[in-house]
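**Student:** Provided below: coords-v9.tsv, containing TSV, C-alpha atoms.
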```tsv
chain	number	residue	atom	x	y	z
A	1	MET	CA	-0.49	-83.72	61.85
A	2	SER	CA	-1.76	-80.38	60.61
A	3	PHE	CA	-1.41	-79.09	57.12
A	4	PRO	CA	-1.18	-75.47	56.05
A	5	GLY	CA	-4.32	-74.13	54.48
A	6	PRO	CA	-4.52	-72.81	50.94
A	7	PRO	CA	-2.81	-69.47	50.31
A	8	ASP	CA	-4.91	-66.33	50.64
A	9	PRO	CA	-5.85	-65.42	47.02
A	10	SER	CA	-5.79	-61.70	47.79
A	11	ARG	CA	-2.30	-61.97	49.32
A	12	VAL	CA	-1.01	-63.97	46.37
A	13	GLN	CA	-2.47	-61.38	44.02
A	14	ARG	CA	-0.77	-58.56	45.90
A	15	LEU	CA	2.57	-60.37	45.80
A	16	MET	CA	2.32	-61.14	42.09
A	17	GLN	CA	1.07	-57.73	41.00
A	18	PRO	CA	4.53	-56.04	40.90
A	19	VAL	CA	5.93	-58.98	38.89
A	20	TRP	CA	3.03	-58.85	36.43
A	21	ARG	CA	3.27	-55.07	36.13
A	22	ALA	CA	7.02	-55.25	35.46
A	23	TRP	CA	6.49	-57.86	32.72
A	24	VAL	CA	3.74	-55.83	31.05
A	25	ASP	CA	5.87	-52.66	31.19
A	26	LEU	CA	8.75	-54.54	29.59
A	27	VAL	CA	6.65	-55.82	26.69
A	28	TYR	CA	4.30	-52.83	26.43
A	29	PRO	CA	5.98	-49.72	27.88
A	30	ARG	CA	3.63	-47.20	29.46
A	31	LEU	CA	2.99	-44.23	27.18
A	32	CYS	CA	1.13	-41.00	27.79
A	33	CYS	CA	-2.27	-41.46	26.16
A	34	VAL	CA	-2.01	-37.99	24.62
A	35	CYS	CA	1.56	-37.41	23.38
A	36	LYS	CA	2.79	-41.05	23.57
A	37	VAL	CA	5.99	-40.28	25.49
A	38	PRO	CA	7.02	-42.92	28.08
A	39	VAL	CA	5.65	-42.47	31.60
A	40	GLU	CA	6.56	-44.29	34.79
A	41	GLU	CA	2.98	-44.49	36.03
A	42	GLY	CA	-0.48	-43.19	35.35
A	43	TRP	CA	-2.04	-42.25	32.01
A	44	PHE	CA	-0.55	-38.83	31.35
A	45	CYS	CA	2.91	-37.29	31.31
A	46	GLY	CA	3.47	-34.23	33.47
A	47	GLY	CA	3.00	-31.74	30.66
A	48	CYS	CA	-0.22	-33.28	29.37
A	49	ALA	CA	-1.60	-33.68	32.90
A	50	ASP	CA	-0.99	-29.97	33.53
A	51	ALA	CA	-2.79	-29.13	30.27
A	52	LEU	CA	-5.99	-31.00	31.12
A	53	PRO	CA	-8.97	-28.59	31.20
A	54	LEU	CA	-10.11	-29.56	34.70
A	55	VAL	CA	-13.44	-28.33	36.05
A	56	GLU	CA	-12.79	-26.15	39.07
A	57	ALA	CA	-15.10	-24.27	41.43
A	58	PRO	CA	-17.02	-22.04	41.41
A	59	TYR	CA	-19.72	-23.76	39.42
A	60	CYS	CA	-23.52	-24.01	39.45
A	61	ASN	CA	-24.79	-25.98	42.43
A	62	VAL	CA	-27.16	-27.92	40.13
A	63	CYS	CA	-25.78	-28.42	36.62
A	64	GLY	CA	-22.10	-27.78	37.31
A	65	GLU	CA	-21.67	-24.97	34.78
A	66	VAL	CA	-18.44	-23.15	35.62
A	67	TYR	CA	-18.35	-19.42	36.29
A	68	GLU	CA	-15.24	-17.29	36.49
A	69	GLY	CA	-14.94	-14.88	39.36
A	70	ALA	CA	-14.92	-14.79	43.13
A	71	ILE	CA	-18.12	-16.56	44.17
A	72	THR	CA	-17.84	-17.85	47.72
A	73	GLN	CA	-21.32	-19.33	48.18
A	74	GLU	CA	-23.49	-21.89	46.45
A	75	PHE	CA	-25.46	-20.53	43.51
A	76	ARG	CA	-27.85	-21.67	40.79
A	77	CYS	CA	-27.08	-20.50	37.27
A	78	GLY	CA	-29.54	-18.79	34.96
A	79	ASN	CA	-29.97	-21.93	32.84
A	80	CYS	CA	-31.21	-23.88	35.87
A	81	SER	CA	-33.43	-21.16	37.34
A	82	GLY	CA	-37.08	-22.02	36.85
A	83	ARG	CA	-36.18	-25.37	35.35
A	84	ARG	CA	-37.12	-28.70	36.90
A	85	LEU	CA	-34.25	-31.16	36.79
A	86	GLU	CA	-34.82	-34.64	38.15
A	87	PHE	CA	-31.29	-35.20	39.43
A	88	GLU	CA	-29.86	-33.68	42.61
A	89	PHE	CA	-26.84	-32.18	40.90
A	90	ALA	CA	-24.30	-32.90	38.16
A	91	VAL	CA	-20.50	-32.73	38.31
A	92	ALA	CA	-17.85	-33.31	35.64
A	93	ALA	CA	-14.11	-33.91	35.77
A	94	CYS	CA	-13.05	-31.81	32.75
A	95	HIS	CA	-14.31	-29.41	30.13
A	96	ALA	CA	-15.05	-30.98	26.73
A	97	GLU	CA	-12.40	-28.99	24.94
A	98	GLY	CA	-8.86	-29.38	23.64
A	99	VAL	CA	-7.23	-32.68	24.46
A	100	MET	CA	-10.29	-33.96	26.33
A	101	ARG	CA	-12.55	-33.46	23.34
A	102	GLU	CA	-10.08	-35.47	21.25
A	103	LEU	CA	-9.83	-38.29	23.83
A	104	ILE	CA	-13.61	-38.60	24.07
A	105	HIS	CA	-13.89	-38.68	20.28
A	106	GLN	CA	-11.24	-41.40	20.00
A	107	PHE	CA	-12.91	-43.41	22.74
A	108	LYS	CA	-16.44	-43.24	21.33
A	109	TYR	CA	-16.02	-43.15	17.59
A	110	GLU	CA	-12.63	-44.73	16.95
A	111	ARG	CA	-13.20	-47.64	19.39
A	112	ARG	CA	-10.05	-46.95	21.39
A	113	LEU	CA	-11.36	-48.78	24.41
A	114	HIS	CA	-8.07	-48.63	26.28
A	115	LEU	CA	-8.86	-44.96	26.93
A	116	ARG	CA	-11.66	-45.97	29.32
A	117	GLY	CA	-8.99	-46.45	31.98
A	118	ALA	CA	-7.70	-42.90	31.62
A	119	LEU	CA	-11.19	-41.38	31.45
A	120	ALA	CA	-12.48	-43.36	34.44
A	121	THR	CA	-9.41	-42.41	36.45
A	122	LEU	CA	-10.12	-38.74	35.76
A	123	MET	CA	-13.64	-39.30	37.08
A	124	LEU	CA	-12.22	-40.19	40.48
A	125	ARG	CA	-11.75	-36.48	41.15
A	126	VAL	CA	-15.51	-36.03	40.69
A	127	LEU	CA	-16.06	-38.32	43.67
A	128	GLU	CA	-14.02	-35.89	45.77
A	129	GLU	CA	-16.68	-33.20	45.26
A	130	PRO	CA	-17.63	-32.13	48.82
A	131	ARG	CA	-21.24	-33.30	48.56
A	132	LEU	CA	-20.09	-36.76	47.44
A	133	ALA	CA	-16.98	-36.99	49.59
A	134	GLN	CA	-19.13	-37.02	52.73
A	135	GLU	CA	-21.16	-39.99	51.49
A	136	ASN	CA	-20.44	-43.69	51.90
A	137	LEU	CA	-20.36	-44.31	48.18
A	138	ALA	CA	-19.97	-48.06	48.64
A	139	ASP	CA	-23.72	-48.06	49.32
A	140	TRP	CA	-24.50	-46.25	46.07
A	141	LEU	CA	-25.00	-47.73	42.59
A	142	LEU	CA	-23.29	-46.79	39.33
A	143	VAL	CA	-25.80	-46.75	36.45
A	144	PRO	CA	-24.89	-45.89	32.83
A	145	VAL	CA	-26.99	-43.79	30.49
A	146	PRO	CA	-28.14	-46.49	28.03
A	147	LEU	CA	-27.83	-46.52	24.27
A	148	HIS	CA	-30.59	-47.83	22.03
A	149	ARG	CA	-29.85	-51.39	20.93
A	150	SER	CA	-29.34	-50.37	17.29
A	151	ARG	CA	-26.83	-47.67	18.26
A	152	GLU	CA	-24.96	-50.02	20.58
A	153	VAL	CA	-24.77	-52.71	17.88
A	154	GLU	CA	-23.44	-50.12	15.44
A	155	ARG	CA	-20.85	-48.79	17.92
A	156	GLU	CA	-20.17	-52.27	19.38
A	157	PHE	CA	-20.16	-50.93	22.94
A	158	ASN	CA	-21.80	-48.40	25.26
A	159	GLN	CA	-19.20	-45.86	26.34
A	160	SER	CA	-21.10	-45.07	29.55
A	161	TRP	CA	-21.15	-48.72	30.61
A	162	GLU	CA	-17.43	-49.03	29.87
A	163	LEU	CA	-16.79	-46.08	32.17
A	164	CYS	CA	-19.08	-47.61	34.79
A	165	THR	CA	-17.31	-50.94	34.90
A	166	ARG	CA	-13.85	-49.39	35.09
A	167	LEU	CA	-14.96	-46.90	37.77
A	168	SER	CA	-16.51	-49.77	39.72
A	169	ARG	CA	-13.19	-51.64	39.55
A	170	LEU	CA	-11.33	-48.57	40.83
A	171	THR	CA	-13.70	-47.77	43.69
A	172	GLY	CA	-15.63	-50.90	44.62
A	173	ILE	CA	-18.95	-49.15	43.97
A	174	PRO	CA	-21.32	-51.68	42.34
A	175	ALA	CA	-22.49	-51.04	38.77
A	176	ALA	CA	-25.64	-52.21	37.00
A	177	LYS	CA	-27.44	-51.67	33.69
A	178	ALA	CA	-30.58	-50.56	35.44
A	179	LEU	CA	-32.03	-48.54	32.55
A	180	LEU	CA	-33.17	-49.50	29.06
A	181	ARG	CA	-33.53	-47.20	26.06
A	182	THR	CA	-36.81	-48.21	24.46
A	183	ARG	CA	-36.67	-46.18	21.26
A	184	GLU	CA	-34.19	-44.33	19.10
A	185	THR	CA	-34.38	-40.54	19.38
A	186	ASP	CA	-33.48	-37.71	17.06
A	187	GLN	CA	-30.16	-35.97	17.56
A	188	GLN	CA	-30.44	-33.41	20.37
A	189	ALA	CA	-28.11	-30.88	18.74
A	190	GLY	CA	-29.99	-27.92	17.34
A	191	LEU	CA	-33.19	-28.60	19.31
A	192	SER	CA	-34.67	-26.13	21.78
A	193	ARG	CA	-35.02	-27.06	25.45
A	194	GLU	CA	-38.70	-27.91	25.00
A	195	GLU	CA	-37.97	-29.95	21.87
A	196	ARG	CA	-35.22	-31.87	23.66
A	197	LEU	CA	-37.54	-32.80	26.51
A	198	LYS	CA	-40.30	-33.87	24.11
A	199	ASN	CA	-37.80	-35.87	22.06
A	200	LEU	CA	-36.68	-37.83	25.14
A	201	ARG	CA	-40.02	-38.35	26.86
A	202	GLY	CA	-40.74	-42.06	27.11
A	203	ALA	CA	-37.38	-43.05	25.62
A	204	PHE	CA	-36.18	-44.77	28.83
A	205	THR	CA	-37.54	-47.32	31.24
A	206	VAL	CA	-36.29	-49.46	34.09
A	207	ARG	CA	-34.69	-52.60	32.70
A	208	PRO	CA	-37.01	-55.56	33.33
A	209	ALA	CA	-35.82	-58.66	35.17
A	210	ARG	CA	-34.72	-61.72	33.22
A	211	ARG	CA	-35.24	-65.34	34.12
A	212	TRP	CA	-31.56	-66.00	34.73
A	213	GLN	CA	-30.78	-62.63	36.32
A	214	ARG	CA	-31.96	-61.00	39.51
A	215	PRO	CA	-33.51	-57.55	38.96
A	216	THR	CA	-31.53	-54.52	40.04
A	217	GLU	CA	-33.02	-53.21	43.27
A	218	LEU	CA	-33.49	-49.47	42.84
A	219	LYS	CA	-36.01	-48.68	45.54
A	220	GLY	CA	-34.41	-46.52	48.18
A	221	ARG	CA	-31.00	-46.64	46.44
A	222	ARG	CA	-28.73	-43.69	45.81
A	223	VAL	CA	-27.55	-43.67	42.21
A	224	LEU	CA	-24.54	-42.22	40.42
A	225	LEU	CA	-25.76	-41.80	36.84
A	226	VAL	CA	-22.71	-42.08	34.55
A	227	ASP	CA	-22.18	-40.58	31.10
A	228	ASP	CA	-19.20	-39.41	29.08
A	229	VAL	CA	-20.38	-35.84	28.35
A	230	PHE	CA	-22.87	-33.51	30.05
A	231	THR	CA	-24.40	-30.88	27.76
A	232	THR	CA	-27.85	-29.49	28.57
A	233	GLY	CA	-28.84	-32.16	31.08
A	234	ALA	CA	-31.99	-33.13	29.19
A	235	THR	CA	-30.98	-36.78	28.71
A	236	THR	CA	-29.67	-37.29	32.23
A	237	SER	CA	-32.70	-35.55	33.72
A	238	GLU	CA	-35.05	-37.92	31.91
A	239	CYS	CA	-32.99	-40.91	33.04
A	240	ALA	CA	-33.08	-39.60	36.60
A	241	ARG	CA	-36.85	-39.15	36.38
A	242	VAL	CA	-37.30	-42.82	35.44
A	243	LEU	CA	-34.87	-44.00	38.13
A	244	ARG	CA	-36.72	-42.03	40.81
A	245	ARG	CA	-40.39	-42.14	39.78
A	246	VAL	CA	-40.46	-45.61	38.24
A	247	GLY	CA	-37.58	-47.38	39.96
A	248	GLY	CA	-38.00	-45.71	43.35
A	249	ALA	CA	-34.42	-44.47	43.69
A	250	GLU	CA	-33.96	-42.10	46.60
A	251	LYS	CA	-31.41	-39.79	44.97
A	252	VAL	CA	-29.68	-39.46	41.60
A	253	VAL	CA	-26.41	-37.59	41.04
A	254	VAL	CA	-24.96	-37.24	37.54
A	255	ILE	CA	-21.22	-37.73	37.08
A	256	THR	CA	-19.47	-37.34	33.73
A	257	THR	CA	-15.96	-37.24	32.34
A	258	THR	CA	-16.52	-33.95	30.54
A	259	ARG	CA	-18.90	-31.04	30.40
A	260	GLY	CA	-19.76	-29.44	27.08
```
Could you render the structure as structure tokens?

**Tutor:**
Amino acid sequence: MSFPGPPDPSRVQRLMQPVWRAWVDLVYPRLCCVCKVPVEEGWFCGGCADALPLVEAPYCNVCGEVYEGAITQEFRCGNCSGRRLEFEFAVAACHAEGVMRELIHQFKYERRLHLRGALATLMLRVLEEPRLAQENLADWLLVPVPLHRSREVEREFNQSWELCTRLSRLTGIPAAKALLRTRETDQQAGLSREERLKNLRGAFTVRPARRWQRPTELKGRRVLLVDDVFTTGATTSECARVLRRVGGAEKVVVITTTRG
């Protein structure tokens, strides 16, 4: 006599997901994360979604700075000309203005961690950038820009890692804390380009292996370096330098929720 095998966990999960979703919606109705009106799905109502300051082409082929006008070919902006950046290129989902500036502030400084879902979902459009869309991103690695331990203890979380884990859940791309911030640095605001680079030099290293944890293999890997906001690129460039020159990563692309 034969007995049926155990149910397929993935199939059970698929069958139960609508029931679970309906129960959650009954107890906690979905609300737009901006204006709080009820929504049937997603994170934004139609009006707020239309108001998002999305980053659209044309933009700099390196740092992603947006330019208005009819530019039909790839170009490098004046800020990137003559400047050595250690990452291949950087792309952002939205401009850091208006509602997006407020959402980022609430997420980082008011500990509204539920917003990581909305912000990570917006980052999915970054992965549709033509240079990334042609890649098999399942072979890449999501790596967050690290915070110094004292800053992370004060904030109680690293916003970049929160975005990494949620983006990994949405896409299946693996995520790892491959970098370590070895010292606290002065605030970058108000510093010149040279001062920013000097301020960050030696502030990052590859995270060492632990006894109970296998080291993250970086050699030959392609890395998506994740942060919430891209400003001058000094921090992400230094992180990319460590990933490539110390860790042996083949390529580093910076992806962020917003661009300042």

**Student:** When you draw a straight line from atom CA of A:Pro58 to atom CA of A:Cys94, how long is it in Å?

**Tutor:** 13.6 Å

**Student:** Would you mind reading off the distance between atom CA of A:Val223 and atom CA of A:Glu184, one decimal, in Å?

**Tutor:** 24.1 Å

**Student:** Taking only C-alpha atoms into account, produce a table as a Markdown table in which each residue of stretch 195-232 of chain A with an atom at most 12 Å from an atom of stretch 103-121 of chain A appears once, together with its shortest atom pair and the distance in Å to one decimal, ordered by chain and rising number.

**Tutor:**
```
| residue | atom | partner | partner_atom | distance |
| --- | --- | --- | --- | --- |
| A:Val226 | CA | A:Ala120 | CA | 10.3 |
| A:Asp227 | CA | A:Ala120 | CA | 10.6 |
| A:Asp228 | CA | A:Ile104 | CA | 7.6 |
| A:Val229 | CA | A:Ile104 | CA | 8.5 |
```

**Student:** Work out how far apart atom CA of A:Glu86 and atom CA of A:Arg241 are and give it in Å to one decimal.

**Tutor:**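 Computed distance, atom CA of A:Glu86 to atom CA of A:Arg241, equals 5.3 Å.
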
**Student:** Using only C-alpha atoms, which of A:Arg259, A:Leu127, A:Gly233, A:Val206 sits nearest A:Arg245?

**Tutor:**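 Of all the options, A:Val206 lies closest to A:Arg245.
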
**Student:** Rank A:Leu224, A:Val252, A:Cys239, A:Cys32 by their smallest atom-to-atom distance to A:Arg207, using only C-alpha atoms, and report the top residue only.

**Tutor:**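 Ranking A:Leu224, A:Val252, A:Cys239, A:Cys32 by distance to A:Arg207, first place goes to A:Cys239.
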
**Student:** Extract, using all atoms listed in the file, all DNA, RNA and protein residues at most 9 Å from A:Thr258, discarding same-chain residues fewer than 3 positions from it, and format them as a list in words.

**Tutor:**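 In the requested form, the answer reads Leu54, Val55, Val91, Ala92, Ala93, Cys94, His95, Ala96, Glu97, Met100, Arg101, Ile104, Met123, Asp227, Asp228, Val229, Phe230, Thr231 and Ile255 of chain A.
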
**Student:** Kindly compute an axis-aligned box around the listed atoms of stretch 147-157 of chain A, allowing 8 Å on each side, and express its centre and edge lengths in Å to one decimal as AutoDock Vina command-line options.

**Tutor:**
```
--center_x -25.4 --center_y -49.6 --center_z 19.9 --size_x 26.4 --size_y 22.2 --size_z 24.8
```

**Student:** In terms of the shortest atom-to-atom distance over all atoms listed in the file, which of A:Leu52, A:Val253, A:Val143, A:Ile173 is closest to A:Leu218?

**Tutor:**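 Using all atoms listed in the file, the shortest distance to A:Leu218 belongs to A:Val143.
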
**Student:** List the residues sitting within 12 Å of (-25.9, -27.3, 38.3) in the file's frame, using all atoms listed in the file, as a short mmCIF file (atom, residue, chain, number, x, y, z; two decimals) with C-alpha atoms, in the frame of the given file.

**Tutor:**
```
data_model
loop_
_atom_site.label_atom_id
_atom_site.label_comp_id
_atom_site.auth_asym_id
_atom_site.auth_seq_id
_atom_site.Cartn_x
_atom_site.Cartn_y
_atom_site.Cartn_z
CA ALA A 57 -15.10 -24.27 41.43
CA PRO A 58 -17.02 -22.04 41.41
CA TYR A 59 -19.72 -23.76 39.42
CA CYS A 60 -23.52 -24.01 39.45
CA ASN A 61 -24.79 -25.98 42.43
CA VAL A 62 -27.16 -27.92 40.13
CA CYS A 63 -25.78 -28.42 36.62
CA GLY A 64 -22.10 -27.78 37.31
CA GLU A 65 -21.67 -24.97 34.78
CA VAL A 66 -18.44 -23.15 35.62
CA TYR A 67 -18.35 -19.42 36.29
CA GLU A 74 -23.49 -21.89 46.45
CA PHE A 75 -25.46 -20.53 43.51
CA ARG A 76 -27.85 -21.67 40.79
CA CYS A 77 -27.08 -20.50 37.27
CA GLY A 78 -29.54 -18.79 34.96
CA ASN A 79 -29.97 -21.93 32.84
CA CYS A 80 -31.21 -23.88 35.87
CA SER A 81 -33.43 -21.16 37.34
CA ARG A 83 -36.18 -25.37 35.35
CA ARG A 84 -37.12 -28.70 36.90
CA LEU A 85 -34.25 -31.16 36.79
CA GLU A 86 -34.82 -34.64 38.15
CA PHE A 87 -31.29 -35.20 39.43
CA GLU A 88 -29.86 -33.68 42.61
CA PHE A 89 -26.84 -32.18 40.90
CA ALA A 90 -24.30 -32.90 38.16
CA VAL A 91 -20.50 -32.73 38.31
CA ALA A 92 -17.85 -33.31 35.64
CA PHE A 230 -22.87 -33.51 30.05
CA THR A 231 -24.40 -30.88 27.76
CA THR A 232 -27.85 -29.49 28.57
CA GLY A 233 -28.84 -32.16 31.08
CA SER A 237 -32.70 -35.55 33.72
CA VAL A 253 -26.41 -37.59 41.04
CA VAL A 254 -24.96 -37.24 37.54
CA ILE A 255 -21.22 -37.73 37.08
CA ARG A 259 -18.90 -31.04 30.40
#
```
